[in-house]
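Visitor: Dropping in target.tsv, which is TSV, C-alpha atoms and all ligand atoms:
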```
chain	number	residue	atom	x	y	z
A	194	MET	CA	1.93	12.73	-41.44
A	195	ALA	CA	0.48	14.59	-38.48
A	196	ASP	CA	2.74	17.26	-36.99
A	197	LYS	CA	4.18	16.78	-33.50
A	198	TYR	CA	1.49	18.89	-31.86
A	199	THR	CA	-1.31	16.90	-33.39
A	200	ALA	CA	0.41	13.63	-32.45
A	201	ALA	CA	0.80	14.80	-28.84
A	202	ALA	CA	-2.76	16.10	-28.75
A	203	ASP	CA	-4.07	12.76	-30.05
A	204	LYS	CA	-2.27	10.92	-27.25
A	205	PHE	CA	-3.74	13.35	-24.76
A	206	VAL	CA	-7.25	12.77	-26.08
A	207	ALA	CA	-6.76	9.00	-25.76
A	208	LEU	CA	-5.63	9.44	-22.14
A	209	LEU	CA	-8.62	11.59	-21.32
A	210	LYS	CA	-10.98	8.99	-22.76
A	211	GLU	CA	-9.36	6.32	-20.57
A	212	GLN	CA	-9.79	8.57	-17.55
A	213	ASP	CA	-13.44	9.20	-18.41
A	214	ALA	CA	-14.01	5.46	-18.48
A	215	ARG	CA	-12.27	5.12	-15.12
A	216	VAL	CA	-14.42	7.83	-13.57
A	217	GLN	CA	-17.47	5.99	-14.86
A	218	ARG	CA	-16.28	2.75	-13.20
A	219	MET	CA	-15.68	4.59	-9.93
A	220	LYS	CA	-19.19	6.00	-10.03
A	221	GLU	CA	-20.65	2.54	-10.53
A	222	GLN	CA	-18.85	0.94	-7.59
A	223	LYS	CA	-20.10	2.74	-4.52
A	224	GLU	CA	-20.26	0.02	-1.88
A	225	PHE	CA	-17.48	-1.81	-0.06
A	226	LEU	CA	-17.58	-5.60	-0.15
A	227	ASP	CA	-18.93	-6.96	3.13
A	228	TYR	CA	-16.67	-9.87	4.12
A	229	ALA	CA	-19.07	-10.97	6.84
A	230	LYS	CA	-21.60	-11.81	4.15
A	231	LEU	CA	-19.30	-14.05	2.14
A	232	ASP	CA	-19.55	-17.83	2.48
A	233	LYS	CA	-15.83	-18.10	1.98
A	234	ILE	CA	-13.01	-15.57	1.93
A	235	ILE	CA	-10.27	-16.32	-0.58
A	236	ILE	CA	-6.82	-15.10	0.44
A	237	GLY	CA	-4.35	-14.95	-2.43
A	238	VAL	CA	-0.65	-15.20	-1.64
A	239	CYS	CA	1.53	-13.69	-4.34
A	240	GLY	CA	5.27	-14.02	-3.73
A	241	GLY	CA	6.63	-11.57	-6.29
A	242	ASP	CA	10.38	-11.34	-6.97
A	243	GLY	CA	13.68	-11.76	-5.21
A	244	ILE	CA	13.22	-12.37	-1.50
A	245	GLY	CA	9.43	-11.96	-1.97
A	246	PRO	CA	8.52	-15.66	-2.21
A	247	TYR	CA	10.71	-16.47	0.84
A	248	ILE	CA	9.18	-13.93	3.20
A	249	THR	CA	5.64	-14.24	1.84
A	250	ALA	CA	5.71	-17.98	2.47
A	251	GLN	CA	6.32	-17.17	6.15
A	252	GLY	CA	3.46	-14.68	6.18
A	253	ARG	CA	1.26	-17.41	4.76
A	254	ARG	CA	2.34	-19.97	7.37
A	255	ILE	CA	1.41	-17.55	10.13
A	256	LEU	CA	-1.97	-16.76	8.55
A	257	GLU	CA	-2.68	-20.46	8.09
A	258	PHE	CA	-1.79	-21.05	11.72
A	259	LEU	CA	-4.08	-18.28	12.96
A	260	LEU	CA	-6.95	-19.20	10.64
A	261	ALA	CA	-6.64	-22.98	10.91
A	262	ASP	CA	-10.19	-23.38	12.26
A	263	GLN	CA	-11.66	-21.17	9.56
A	264	VAL	CA	-9.85	-23.12	6.84
A	265	LYS	CA	-11.14	-26.38	8.31
A	266	ALA	CA	-14.67	-24.99	8.38
A	267	GLY	CA	-14.37	-23.93	4.74
A	268	LYS	CA	-14.72	-20.24	5.60
A	269	VAL	CA	-11.26	-19.28	4.41
A	270	GLU	CA	-9.22	-20.61	1.52
A	271	PHE	CA	-5.64	-19.83	0.58
A	272	LYS	CA	-4.63	-19.54	-3.05
A	273	VAL	CA	-0.95	-19.37	-3.96
A	274	ILE	CA	-0.37	-17.27	-7.08
A	275	ASP	CA	2.97	-17.73	-8.82
A	276	GLY	CA	4.18	-15.94	-11.89
A	277	LEU	CA	4.39	-12.30	-10.85
A	278	THR	CA	8.15	-12.42	-11.37
A	279	ILE	CA	10.15	-9.92	-13.37
A	280	GLU	CA	11.21	-12.72	-15.75
A	281	ASN	CA	7.57	-13.54	-16.57
A	282	ARG	CA	6.55	-9.92	-16.78
A	283	ALA	CA	9.47	-9.17	-19.13
A	284	LYS	CA	8.64	-12.21	-21.25
A	285	VAL	CA	5.07	-11.08	-21.95
A	286	ASN	CA	6.04	-7.40	-21.79
A	287	LYS	CA	3.25	-6.61	-19.34
A	288	ALA	CA	3.16	-5.21	-15.81
A	289	ILE	CA	0.95	-8.14	-14.76
A	290	PRO	CA	0.68	-11.20	-17.04
A	291	ASP	CA	-2.96	-11.91	-17.99
A	292	ASP	CA	-3.10	-15.32	-16.30
A	293	VAL	CA	-1.74	-13.86	-13.05
A	294	LEU	CA	-4.28	-11.03	-13.15
A	295	ALA	CA	-7.11	-13.52	-13.72
A	296	GLU	CA	-5.96	-15.49	-10.64
A	297	LEU	CA	-5.70	-12.33	-8.54
A	298	LYS	CA	-9.26	-11.41	-9.49
A	299	LYS	CA	-10.51	-14.71	-8.09
A	300	CYS	CA	-9.39	-13.63	-4.59
A	301	HIS	CA	-10.94	-11.24	-2.12
A	302	VAL	CA	-7.73	-10.15	-0.45
A	303	ILE	CA	-4.09	-10.65	-1.38
A	304	LEU	CA	-0.86	-10.86	0.59
A	305	LYS	CA	1.89	-9.71	-1.75
A	306	GLY	CA	5.67	-9.78	-1.64
A	307	PRO	CA	7.81	-7.08	-3.24
A	308	THR	CA	8.13	-6.92	-7.02
A	309	THR	CA	11.05	-5.49	-8.97
A	310	THR	CA	10.19	-2.17	-10.65
A	311	PRO	CA	12.04	-1.80	-13.96
A	312	ARG	CA	13.53	1.50	-15.04
A	313	ALA	CA	15.37	2.69	-18.14
A	314	GLY	CA	18.77	1.02	-18.46
A	315	ASP	CA	17.78	-2.20	-16.66
A	316	PRO	CA	18.19	-5.55	-18.41
A	317	TRP	CA	14.36	-5.67	-18.47
A	318	PRO	CA	11.94	-3.83	-20.75
A	319	ASN	CA	10.89	-0.59	-19.05
A	320	ILE	CA	7.37	-1.84	-18.26
A	321	GLU	CA	5.03	-0.32	-15.70
A	322	SER	CA	5.53	-1.28	-12.06
A	323	ALA	CA	3.53	-4.39	-11.10
A	324	ASN	CA	2.57	-2.63	-7.87
A	325	VAL	CA	1.19	0.40	-9.59
A	326	ALA	CA	-0.59	-1.77	-12.19
A	327	MET	CA	-2.19	-3.94	-9.49
A	328	ARG	CA	-3.43	-0.90	-7.61
A	329	LYS	CA	-5.02	0.38	-10.80
A	330	GLU	CA	-6.36	-2.95	-12.11
A	331	LEU	CA	-8.00	-3.83	-8.79
A	332	ASP	CA	-8.86	-0.17	-8.06
A	333	LEU	CA	-7.07	-0.21	-4.70
A	334	PHE	CA	-7.50	3.48	-4.09
A	335	ALA	CA	-6.51	3.82	-0.45
A	336	ASN	CA	-2.94	3.09	0.52
A	337	VAL	CA	-3.04	2.93	4.30
A	338	ARG	CA	0.32	3.11	6.04
A	339	PRO	CA	0.46	3.31	9.83
A	340	VAL	CA	3.62	4.45	11.58
A	341	LYS	CA	3.99	4.20	15.35
A	342	VAL	CA	6.82	5.06	17.70
A	343	PRO	CA	5.10	5.16	21.10
A	344	GLU	CA	8.12	6.37	23.06
A	345	LYS	CA	8.37	9.41	20.78
A	346	GLY	CA	4.65	10.10	20.77
A	347	ILE	CA	4.37	9.21	17.08
A	348	ASP	CA	1.10	7.62	15.99
A	349	TRP	CA	0.35	8.44	12.37
A	350	THR	CA	-1.93	6.83	9.82
A	351	PHE	CA	-1.33	7.85	6.24
A	352	TYR	CA	-4.12	7.68	3.69
A	353	ARG	CA	-2.26	7.94	0.43
A	354	GLU	CA	-4.38	8.20	-2.72
A	355	ASN	CA	-3.24	5.20	-4.72
A	356	THR	CA	-4.64	5.32	-8.25
A	357	GLU	CA	-4.41	8.93	-9.45
A	358	GLY	CA	-2.10	11.94	-9.36
A	359	SER	CA	1.27	11.54	-11.04
A	360	TYR	CA	0.85	7.75	-11.03
A	361	ALA	CA	-2.44	7.59	-12.98
A	362	VAL	CA	-0.70	7.61	-16.35
A	363	GLY	CA	2.87	7.65	-15.09
A	364	SER	CA	4.07	5.34	-17.86
A	365	LYS	CA	2.12	7.17	-20.57
A	366	GLY	CA	3.78	10.55	-20.76
A	367	VAL	CA	4.53	12.07	-24.16
A	368	HIS	CA	7.89	12.79	-25.76
A	369	VAL	CA	6.66	15.65	-27.94
A	370	ASP	CA	10.05	15.87	-29.66
A	371	ASP	CA	13.72	15.58	-28.65
A	372	ASP	CA	13.41	18.68	-26.50
A	373	ILE	CA	10.08	18.35	-24.73
A	374	ALA	CA	8.72	15.55	-22.52
A	375	VAL	CA	5.36	15.87	-20.80
A	376	ASP	CA	3.89	13.79	-17.99
A	377	PHE	CA	0.37	14.11	-16.69
A	378	CYS	CA	-1.05	14.46	-13.20
A	379	ILE	CA	-4.72	13.59	-12.82
A	380	THR	CA	-7.11	14.43	-10.00
A	381	THR	CA	-10.78	13.49	-10.19
A	382	THR	CA	-13.67	14.51	-8.00
A	383	GLU	CA	-14.69	10.91	-7.38
A	384	GLY	CA	-11.11	9.79	-6.68
A	385	SER	CA	-10.43	12.60	-4.22
A	386	GLU	CA	-13.71	12.22	-2.46
A	387	ARG	CA	-13.35	8.52	-1.79
A	388	ILE	CA	-9.85	8.85	-0.29
A	389	ALA	CA	-10.85	11.87	1.81
A	390	ARG	CA	-13.91	10.01	3.06
A	391	ALA	CA	-11.84	6.91	3.85
A	392	ALA	CA	-9.46	9.03	5.94
A	393	PHE	CA	-12.27	10.75	7.82
A	394	GLU	CA	-14.15	7.49	8.38
A	395	TYR	CA	-10.99	5.98	9.84
A	396	ALA	CA	-10.55	9.03	12.07
A	397	LYS	CA	-14.14	8.82	13.25
A	398	LYS	CA	-14.00	5.08	14.01
A	399	ASN	CA	-10.72	5.39	15.86
A	400	GLY	CA	-11.46	8.45	17.97
A	401	LYS	CA	-9.02	10.70	16.12
A	402	THR	CA	-9.66	14.42	16.23
A	403	LYS	CA	-7.59	15.67	13.33
A	404	VAL	CA	-7.06	14.90	9.65
A	405	THR	CA	-4.23	16.68	7.87
A	406	ALA	CA	-4.34	17.19	4.09
A	407	VAL	CA	-0.91	17.48	2.50
A	408	THR	CA	-0.64	19.03	-0.97
A	409	LYS	CA	1.25	21.69	-2.91
A	410	ALA	CA	-1.95	23.49	-3.80
A	411	ASN	CA	-0.25	26.90	-3.79
A	412	VAL	CA	1.80	25.91	-6.85
A	413	VAL	CA	0.13	22.85	-8.38
A	414	LYS	CA	-3.10	24.78	-8.41
A	415	THR	CA	-5.39	22.71	-10.57
A	416	THR	CA	-4.95	19.12	-9.44
A	417	ASP	CA	-3.71	19.64	-5.87
A	418	GLY	CA	-6.12	22.56	-5.55
A	419	LYS	CA	-9.00	20.23	-6.39
A	420	PHE	CA	-7.77	17.56	-3.98
A	421	LEU	CA	-7.62	20.07	-1.13
A	422	LYS	CA	-10.99	21.61	-1.95
A	423	ILE	CA	-12.64	18.21	-1.89
A	424	CYS	CA	-11.00	17.35	1.44
A	425	GLN	CA	-12.47	20.58	2.80
A	426	GLU	CA	-15.92	19.67	1.50
A	427	VAL	CA	-15.80	16.13	2.93
A	428	ALA	CA	-14.64	17.55	6.29
A	429	LYS	CA	-18.00	19.31	6.65
A	430	ASP	CA	-19.64	15.89	7.09
A	431	TYR	CA	-17.43	15.17	10.11
A	432	PRO	CA	-18.05	17.73	12.82
A	433	GLY	CA	-15.66	17.25	15.70
A	434	ILE	CA	-12.80	16.25	13.41
A	435	GLU	CA	-10.61	19.16	12.45
A	436	LEU	CA	-9.05	19.36	8.98
A	437	ASP	CA	-5.78	21.20	8.74
A	438	ASP	CA	-3.81	21.73	5.58
A	439	TRP	CA	-0.07	21.68	5.00
A	440	TYR	CA	2.22	21.86	2.00
A	441	ILE	CA	4.36	18.86	1.27
A	442	ASP	CA	7.69	20.70	1.55
A	443	ILE	CA	7.13	22.02	5.05
A	444	MET	CA	5.46	18.74	6.04
A	445	THR	CA	8.63	16.78	5.23
A	446	ALA	CA	10.43	19.20	7.57
A	447	LYS	CA	7.79	19.05	10.30
A	448	LEU	CA	8.01	15.26	10.51
A	449	VAL	CA	11.44	15.77	12.05
A	450	ASP	CA	10.21	18.55	14.38
A	451	GLU	CA	9.89	16.63	17.63
A	452	LYS	CA	7.25	18.92	19.11
A	453	ARG	CA	5.08	19.50	16.08
A	454	ARG	CA	5.06	15.95	14.73
A	455	THR	CA	3.30	14.46	17.73
A	456	GLN	CA	0.21	16.52	16.78
A	457	PHE	CA	-0.39	14.76	13.47
A	458	GLN	CA	-2.85	11.86	13.54
A	459	VAL	CA	-4.38	10.97	10.18
A	460	LEU	CA	-2.81	12.34	7.01
A	461	VAL	CA	-4.47	12.32	3.61
A	462	LEU	CA	-2.44	13.07	0.52
A	463	PRO	CA	-2.11	12.63	-3.25
A	464	ASN	CA	-0.22	9.65	-4.59
A	465	LEU	CA	3.33	10.93	-5.12
A	466	TYR	CA	3.50	12.97	-1.90
A	467	GLY	CA	2.16	9.91	-0.08
A	468	ASP	CA	4.85	7.74	-1.60
A	469	ILE	CA	7.62	10.06	-0.45
A	470	LEU	CA	6.30	11.04	2.97
A	471	THR	CA	5.53	7.47	4.03
A	472	ASP	CA	9.13	6.39	3.41
A	473	GLU	CA	10.33	9.26	5.56
A	474	ALA	CA	7.77	8.42	8.25
A	475	ALA	CA	8.67	4.71	8.28
A	476	GLU	CA	12.30	5.64	8.89
A	477	PHE	CA	11.44	6.87	12.42
A	478	GLN	CA	10.01	3.46	13.18
A	479	GLY	CA	13.10	1.59	12.04
A	480	GLY	CA	12.90	1.80	8.26
A	481	VAL	CA	10.63	0.60	5.48
A	482	GLY	CA	11.42	-3.01	6.42
A	483	THR	CA	9.38	-2.62	9.59
A	484	ALA	CA	6.24	-1.18	8.02
A	485	GLY	CA	3.26	-2.86	6.43
A	486	SER	CA	1.02	-1.35	3.84
A	487	ALA	CA	-2.65	-1.91	3.00
A	488	ASN	CA	-4.04	-1.16	-0.44
A	489	ILE	CA	-7.79	-1.01	-0.07
A	490	GLY	CA	-10.48	-0.87	-2.72
A	491	LYS	CA	-14.19	-1.48	-2.66
A	492	ARG	CA	-14.01	-5.00	-4.11
A	493	TYR	CA	-10.39	-6.06	-3.52
A	494	ALA	CA	-7.67	-5.34	-1.00
A	495	MET	CA	-3.96	-6.10	-1.14
A	496	PHE	CA	-1.47	-6.11	1.74
A	497	GLU	CA	2.23	-5.86	1.13
A	498	ALA	CA	5.70	-5.42	2.49
A	499	ILE	CA	6.82	-1.92	1.59
A	500	HIS	CA	10.49	-2.66	0.96
A	501	GLY	CA	12.06	-3.84	-2.28
A	502	SER	CA	12.81	-7.32	-3.62
A	503	ALA	CA	16.52	-7.32	-2.59
A	504	PRO	CA	17.81	-9.28	-5.63
A	505	ARG	CA	21.33	-9.07	-4.19
A	506	MET	CA	20.34	-11.24	-1.22
A	507	VAL	CA	19.14	-13.91	-3.62
A	508	ALA	CA	22.27	-13.63	-5.81
A	509	GLU	CA	24.47	-14.02	-2.73
A	510	GLY	CA	22.48	-17.06	-1.54
A	511	ARG	CA	21.09	-15.31	1.54
A	512	ALA	CA	17.39	-15.15	0.65
A	513	GLN	CA	16.43	-17.48	3.49
A	514	TYR	CA	17.73	-14.85	5.92
A	515	ALA	CA	15.43	-12.11	4.61
A	516	ASP	CA	13.45	-10.28	7.30
A	517	PRO	CA	9.75	-11.26	7.14
A	518	CYS	CA	8.59	-8.56	9.61
A	519	SER	CA	7.17	-6.17	7.05
A	520	VAL	CA	5.10	-8.86	5.38
A	521	ILE	CA	3.95	-10.11	8.81
A	522	ARG	CA	2.82	-6.52	9.59
A	523	ALA	CA	0.92	-6.65	6.31
A	524	ALA	CA	-0.69	-9.92	7.50
A	525	VAL	CA	-1.88	-8.12	10.66
A	526	MET	CA	-3.62	-5.53	8.51
A	527	LEU	CA	-5.12	-8.23	6.29
A	528	LEU	CA	-6.63	-10.08	9.27
A	529	SER	CA	-8.10	-6.89	10.66
A	530	HIS	CA	-9.51	-5.91	7.26
A	531	ILE	CA	-11.43	-9.16	6.78
A	532	GLY	CA	-12.89	-9.03	10.26
A	533	TYR	CA	-10.55	-11.32	12.22
A	534	GLN	CA	-9.62	-8.61	14.68
A	535	GLU	CA	-8.84	-10.99	17.53
A	536	GLN	CA	-6.27	-12.83	15.41
A	537	ALA	CA	-4.89	-9.52	14.15
A	538	ASP	CA	-4.41	-8.25	17.71
A	539	LYS	CA	-2.69	-11.46	18.79
A	540	LEU	CA	-0.31	-11.36	15.85
A	541	GLU	CA	0.50	-7.70	16.36
A	542	LYS	CA	1.19	-8.24	20.04
A	543	ALA	CA	3.42	-11.24	19.37
A	544	LEU	CA	5.31	-9.47	16.60
A	545	ASP	CA	5.94	-6.41	18.79
A	546	LYS	CA	7.19	-8.69	21.55
A	547	CYS	CA	9.55	-10.56	19.22
A	548	MET	CA	10.82	-7.46	17.42
A	549	TYR	CA	11.10	-4.94	20.23
A	550	ASP	CA	10.88	-6.50	23.70
A	551	GLU	CA	12.18	-10.03	23.92
A	552	LYS	CA	14.35	-10.13	20.79
A	553	LYS	CA	15.30	-13.78	21.34
A	554	LEU	CA	16.02	-13.98	17.64
A	555	VAL	CA	17.36	-11.19	15.50
A	556	MET	CA	17.41	-10.81	11.77
A	557	THR	CA	20.71	-9.69	10.25
A	558	GLY	CA	20.05	-10.66	6.66
A	559	ARG	CA	22.82	-13.27	6.78
A	560	ASP	CA	23.85	-16.41	8.65
A	561	THR	CA	24.82	-14.40	11.71
A	562	GLY	CA	21.08	-14.07	12.43
A	563	ALA	CA	17.89	-16.09	12.21
A	564	THR	CA	16.26	-17.33	9.02
A	565	SER	CA	12.82	-16.05	7.98
A	566	GLU	CA	11.39	-19.46	8.86
A	567	GLU	CA	12.94	-19.46	12.33
A	568	PHE	CA	11.60	-15.98	12.97
A	569	ALA	CA	8.10	-16.98	11.85
A	570	ASN	CA	8.29	-20.00	14.19
A	571	TYR	CA	9.35	-17.67	16.99
A	572	VAL	CA	6.30	-15.45	16.34
A	573	MET	CA	3.97	-18.47	16.28
A	574	ASP	CA	5.49	-19.90	19.49
A	575	THR	CA	4.98	-16.52	21.13
A	576	ILE	CA	1.31	-16.59	20.12
A	577	LYS	CA	0.94	-20.14	21.50
A	578	ASN	CA	2.45	-19.02	24.80
A	579	MET	CA	0.07	-16.09	24.99
A	580	GLN	CA	-2.95	-18.40	24.81
B	1	LIG	C1	5.62	2.04	-2.68
B	1	LIG	C2	6.68	1.87	-3.73
B	1	LIG	C3	6.03	1.85	-5.10
B	1	LIG	C4	5.40	3.19	-5.32
B	1	LIG	C5	7.00	1.49	-6.22
B	1	LIG	C6	7.63	0.15	-6.01
B	1	LIG	C7	6.36	1.58	-7.59
B	1	LIG	O1	7.65	2.84	-3.63
B	1	LIG	O2	4.75	1.17	-2.55
B	1	LIG	O3	5.65	3.05	-1.98
B	1	LIG	O4	6.03	4.12	-5.83
B	1	LIG	O5	4.23	3.32	-4.99
B	2	MG	MG	7.38	4.14	-2.01
```
What does this structure look like when you write it as structure tokens?

Guide:
Amino acid sequence: MADKYTAAADKFVALLKEQDARVQRMKEQKEFLDYAKLDKIIIGVCGGDGIGPYITAQGRRILEFLLADQVKAGKVEFKVIDGLTIENRAKVNKAIPDDVLAELKKCHVILKGPTTTPRAGDPWPNIESANVAMRKELDLFANVRPVKVPEKGIDWTFYRENTEGSYAVGSKGVHVDDDIAVDFCITTTEGSERIARAAFEYAKKNGKTKVTAVTKANVVKTTDGKFLKICQEVAKDYPGIELDDWYIDIMTAKLVDEKRRTQFQVLVLPNLYGDILTDEAAEFQGGVGTAGSANIGKRYAMFEAIHGSAPRMVAEGRAQYADPCSVIRAAVMLLSHIGYQEQADKLEKALDKCMYDEKKLVMTGRDTGATSEEFANYVMDTIKNMQ
């Protein structure tokens, strides 16, 4: 039998081969899908777990309302995809069951509810997160998370790398023996370049003057060092947009520095730092429940609520009172991504009015507040009144 070093080395070689194949795929897919050229855009709606199906159904109603003419004209089609539940995933012992993945791949864009992420000790097998798997399977490399608090001068757009770093093979680390466990962090040239370019392109199109790269390149020299170096190279193609570079530790501190934080505009960062910093950032805006998240790739894009599946609300019979605002924010981003900017603007305006200005209905998560359906109706009525 091979000794422990050889066994670990063999696993490492297998991982590297997988990564080589992935790099090859990235090199082959250079162009973004042009939605304007499609005869029909297929929007998948994938409820997920817990409160997911309840709030996602409301997101879908709103999208169907805003795109009613396009659906009638055969330019847009909705496709409801069931089966991405933790029960199904546990049953087939896969992050995404094959039939669900095949359905997802028939869509162009997807609106997704939260999915339960198993961990050791749960009643479920400790399978990979459905979120992480979907990002990898559909190569959704840019996780775009905007955070805005106008009265505090906060207007940030995070470009989190979404397929590499500590997440690339996060569920494929190696227990060398009882004493040593090793995980891997992967940075590729292609992967870093496409996220850096996406951040700079966004900055350019939106009149932003600064992109901030956030790494820990002084300590994590190889992978973060490469990420930062590539950001610096890409920056050369964008004269007029400054690149500054910060370390993740001090950046978490500076987000609470009221003077400094107003200077950040677009932030580009490796996967794990992006995961952490965007939760902190969303907190200033009212918590993760208020934020939407876009996962963009060249062929597919997925838009999701960034909070969890709240199984307790379902167990306590309160799922119908779940707050749909995060998934409605995701719907705004979806509309904008597929070229329906006018509808996106209307929805965003109505949602802001309902959530922050008028507040005729409030969500409390229980029967003291509105149901998800009532809130969605409120948003749609607000849009009707704006017309
Ligand atoms: C997020 C979430 C996911 C992540 C979890 C659910 C796997 O925290 O979208 O930020 O870590 O990316
Ligand atoms: Mg997160």

Visitor: Any idea what's packed within 6 Å of range 330-341 of chain A, counting all atoms listed in the file, ignoring anything in its chain fewer than 5 positions away? Could you give it as a ChimeraX atom specification?

Guide: /A:347-356,486-490

Visitor: Calculated over all atoms listed in the file, which of the candidates A:Gln251, A:Asp376, A:Arg505, A:Phe271 has the smallest distance to Ser519 in chain A?

Guide: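 When distances to Ser519 in chain A are compared using all atoms listed in the file, the smallest one comes from A:Gln251.
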
Visitor: Could you list the protein, DNA and RNA residues that have any atom within 6 Å of ligand LIG 1 (chain B), counting only C-alpha atoms and all ligand atoms, and write them as a short mmCIF file (atom, residue, chain, number, x, y, z; two decimals) with C-alpha atoms, in the coordinates of the input?

Guide:
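result03.cif, freshly written:
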```cif
data_model
loop_
_atom_site.label_atom_id
_atom_site.label_comp_id
_atom_site.auth_asym_id
_atom_site.auth_seq_id
_atom_site.Cartn_x
_atom_site.Cartn_y
_atom_site.Cartn_z
CA THR A 310 10.19 -2.17 -10.65
CA SER A 322 5.53 -1.28 -12.06
CA ASN A 324 2.57 -2.63 -7.87
CA VAL A 325 1.19 0.40 -9.59
CA ASP A 468 4.85 7.74 -1.60
CA ILE A 499 6.82 -1.92 1.59
#
```

Visitor: Please list as an MDAnalysis selection string every residue within 12 Å of Lys397 in chain A, counting all atoms listed in the file and excluding residues in the same chain fewer than 4 positions away.

Guide: chainID A and resid 390:393 401:404 428 430:435 458:459

Visitor: Between A:Tyr228, A:Tyr571, A:Tyr466, A:Tyr247, which has the minimum distance to ligand MG 2 (chain B) (counting all atoms listed in the file)?

Guide: A:Tyr466

Visitor: Which of these residues is nearest to Pro246 in chain A, using all atoms listed in the file: A:Ala503, A:Lys365, A:Asn319, A:Gly267?

Guide: A:Ala503

Visitor: May I ask you to write as a list in words all residues lying at most 9 Å from ligand MG 2 (chain B), with all atoms listed in the file counted?

Guide: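 Counting all atoms listed in the file, the residues within 9 Å of ligand MG 2 (chain B) come out as Leu465, Gly467, Asp468, Ile469, Leu470, Thr471, Asp472, Val481, Ile499 and His500 of chain A.
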
Visitor: Please list as a PyMOL selection string every residue within 10 Å of Ala498 in chain A, counting only C-alpha atoms and excluding residues in the same chain fewer than 2 positions away.

Guide: chain A and resi 245+248-249+304-308+481-487+496+500-502+517-524

Visitor: If we count all atoms listed in the file and set the cut-off at 12 Å, which residues sit around Ala266 in chain A, ignoring sequence neighbours fewer than 4 positions away in its own chain? Please answer as number ranges by chain.

Guide: A: 232-234, 260-262, 270

Visitor: May I have the residues from that selection written out with C-alpha atoms, as an mmCIF file, in the coordinates of the input?

Guide:
```cif
data_model
loop_
_atom_site.group_PDB
_atom_site.id
_atom_site.type_symbol
_atom_site.label_atom_id
_atom_site.label_comp_id
_atom_site.auth_asym_id
_atom_site.auth_seq_id
_atom_site.Cartn_x
_atom_site.Cartn_y
_atom_site.Cartn_z
ATOM 1 C CA ASP A 232 -19.550 -17.830 2.480
ATOM 2 C CA LYS A 233 -15.830 -18.100 1.980
ATOM 3 C CA ILE A 234 -13.010 -15.570 1.930
ATOM 4 C CA LEU A 260 -6.950 -19.200 10.640
ATOM 5 C CA ALA A 261 -6.640 -22.980 10.910
ATOM 6 C CA ASP A 262 -10.190 -23.380 12.260
ATOM 7 C CA GLU A 270 -9.220 -20.610 1.520
#
```

Visitor: Between CA of Leu294 in chain A and CA of Val461 in chain A, what is the distance, to one decimal in Å?

Guide: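 Separation of CA of Leu294 in chain A and CA of Val461 in chain A: 28.7 Å.
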
Visitor: For Ala410 in chain A, please output as a PyMOL selection string all residues within 9 Å (counting only C-alpha atoms; exclusion window: fewer than 6 positions along the same chain).

Guide: chain A and resi 416-421+440

Visitor: To one decimal place in Å, what is the distance between CA of Lys422 in chain A and CA of Arg454 in chain A?

Guide: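 Atom-to-atom, CA of Lys422 in chain A to CA of Arg454 in chain A, that is 23.8 Å.
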
Visitor: Find, counting only C-alpha atoms, the residue in A:Arg559, A:Tyr514, A:Lys197, A:Leu256 that gets nearest to Asp372 in chain A.

Guide: A:Lys197

Visitor: Between CA of Ala200 in chain A and CA of Ala374 in chain A, measure the distance and give it in Å to one decimal.

Guide: 13.1 Å

Visitor: Measuring atom to atom with all atoms listed in the file, identify which of A:Ala202, A:Arg492, A:Thr405, A:Thr415 is nearest to Gln456 in chain A.

Guide: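 Among the listed residues, A:Thr405 lies closest to Gln456 in chain A.
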
Visitor: Point out the residue among A:Met556, A:Lys220, A:Leu297, A:Ala543 with the least atom-to-atom distance to Asp574 in chain A, counting only C-alpha atoms.

Guide: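 Distance minimum relative to Asp574 in chain A lands on A:Ala543.
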